[in-house]
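Engineer: Below is a structure I'd like to ask you about.
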Amino acid sequence: MNWSQILVEWYEKNQRDLPWRNQHNPYHTWLSEVILQQTRVEQGLPYFEKFVSKYPTLQEFANASEEDILFLWQGLGYYSRARNMLKAAQYITNSLGGHFNHTPTILRSIVGIGPYTANAIASIAYEYPVPVIDGNVYRVVARLYGIKEAVPSEKARTVFTDALKDIITSVKPSSFNQGLMELGALVCTPKNPKCNLCPIQTFCFAFNNKSQHLFPIKKIKKKATFAHYTYLHFDFPDNRTFLYRRTQGIWQGLHEFPVLITETEIGQKEVIQHIDSQQVNDIMSIENTFSCAHQLSHVKIFGKFWKIKCNFRPTYQNLPIFELSMDDIGNYSMHRLMKKYLDK
Ligand code: SF4
């Protein structure tokens, strides 16, 4: 037997019982794969269940509003994924007759579906023989073959795909791809891989050369940048406040307090300067009530929340800012930084 057949047998006996597995349902494959990008299975599982329970079919998903999708998505981050999913569902419903397609090229023409997701849907839902390359697969295959191409990159994706594209044709593509991912998640872990439990140990270059720790070779990451987000939590009489709906950027469509975004940290003086000078004397109290840091993939955000007690309404022209009771704030979709503050 070659290693791909051994892997498939191992996967079919040892796979974790997850609700999107062992079925050929492209809607479920798509949902799970998009949710699980940059997200651990334990964290993504309740989100998958919430979406399937609220929208059992792709058509029902396509009929949802962006606000409803963002509300269910909140806490997962990378909100453009959720917005793109809605556009994709609408496109498939209106232009593809309500069906995904088994061909990766056609799947890649759908918004939000890149090479990874296209190959996952094609192979897992339709048994189309294309490799799926994610972080787990990079690690297992780099160790198995001793591949020295640094990951992740477009070039690495091609090198790893080429290494797998023939061998996948001799087995069930869905079990092969999920088997590699499962082996990476459970056995061939980044640190201390459990090689004594590995079904393909005898084929493994890194095991045979005691060089597991050298693979995969990682691309050097760019230095992270920083941003300071200063939030103004206006505390009006009767527990009312202002909320702003973001119109652009990664948090587009989500709600937050009015915010000042700067490269360096700002203090009380600058916060007060932001408020109309005519009204400054009517501020009853102002205090920094919460600070926290939040890491996104490309930037680290330092959030600072100021609670400003006043009974006038600051003027915000041309911004989608509206007034509401703090009792209702939980009905609006928010990003993680706002959630951290409100939970506090
Ligand atoms: Fe990974 Fe070890 Fe298996 Fe090689 S033998 S694939 S390093 S778990």
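If you're wondering about the labels, chains in the structure tokens are A, B, ... by order shown, residues count from 1 in each chain, ligands from 1 in order shown.
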Can you tell me, as a list of chain:residue names, what residues are no more than 12 Å from Ile92 in chain A when counting only C-alpha atoms, ignoring any on the same chain fewer than 6 positions away?
Structural biologist: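 Selected residues are A:Pro26, A:Tyr27, A:Leu58, A:Gln59, A:Phe61, A:Ala62, A:Asn63, A:Met85, A:Leu86, A:Gly98, A:His99, A:Phe100, A:Asn101, A:Ile106, A:Leu107, A:Ser109, A:Ile110, A:Val111, A:Ile113.
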Engineer: Any residue with an atom at most 7 Å from ligand 1 counts, using only C-alpha atoms and all ligand atoms. Which are they? Put them as number ranges by chain.
Structural biologist: A: 140, 143-144, 187-188, 193-195, 198-201, 204-207, 212
Engineer: Do you know which residues are at most 12 Å from Phe203 in chain A counting only C-alpha atoms, after dropping those on the same chain fewer than 6 positions away, and could you put them as a PyMOL selection string?
Structural biologist: chain A and resi 1-4+6-7+140-141+143-146+195+209
Engineer: Please dump the current selection as a tab-separated table (two decimals), in the first residue's frame; keep C-alpha atoms.
Structural biologist:
chain	number	residue	atom	x	y	z
A	1	MET	CA	0.00	0.00	0.00
A	2	ASN	CA	1.21	3.54	-0.62
A	3	TRP	CA	1.01	6.18	2.10
A	4	SER	CA	-2.17	7.78	0.71
A	6	ILE	CA	-2.81	4.07	4.67
A	7	LEU	CA	-3.72	7.66	5.49
A	140	VAL	CA	2.55	17.22	7.32
A	141	VAL	CA	3.65	17.26	3.68
A	143	ARG	CA	7.86	16.76	6.91
A	144	LEU	CA	6.75	13.78	4.86
A	145	TYR	CA	8.68	14.81	1.73
A	146	GLY	CA	11.30	17.10	3.30
A	195	CYS	CA	5.34	10.16	15.50
A	209	ASN	CA	16.17	12.03	9.53
Engineer: With only C-alpha atoms as the basis for distance, which of A:Asp17, A:Glu33, A:Asp235, A:Glu263 is at the shortest distance from Val132 in chain A?
Structural biologist: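 Ranking A:Asp17, A:Glu33, A:Asp235, A:Glu263 by distance to Val132 in chain A, first place goes to A:Glu33.
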Engineer: How many Å separate CA of Glu12 in chain A from CA of Phe176 in chain A?
Structural biologist: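 Spanning CA of Glu12 in chain A to CA of Phe176 in chain A is a straight-line distance of 9.6 Å.
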Engineer: Residues near Gly249 in chain A, anyone? I mean within 12 Å using only C-alpha atoms, not counting same-chain ones fewer than 2 positions away, as number ranges by chain.
Structural biologist: A: 78-80, 83, 245-247, 251-254
Engineer: Rank nothing, just name the residue among A:Ser285, A:Thr105, A:Gly112, A:Arg313 nearest to Trp30 in chain A, using only C-alpha atoms.
Structural biologist: A:Gly112
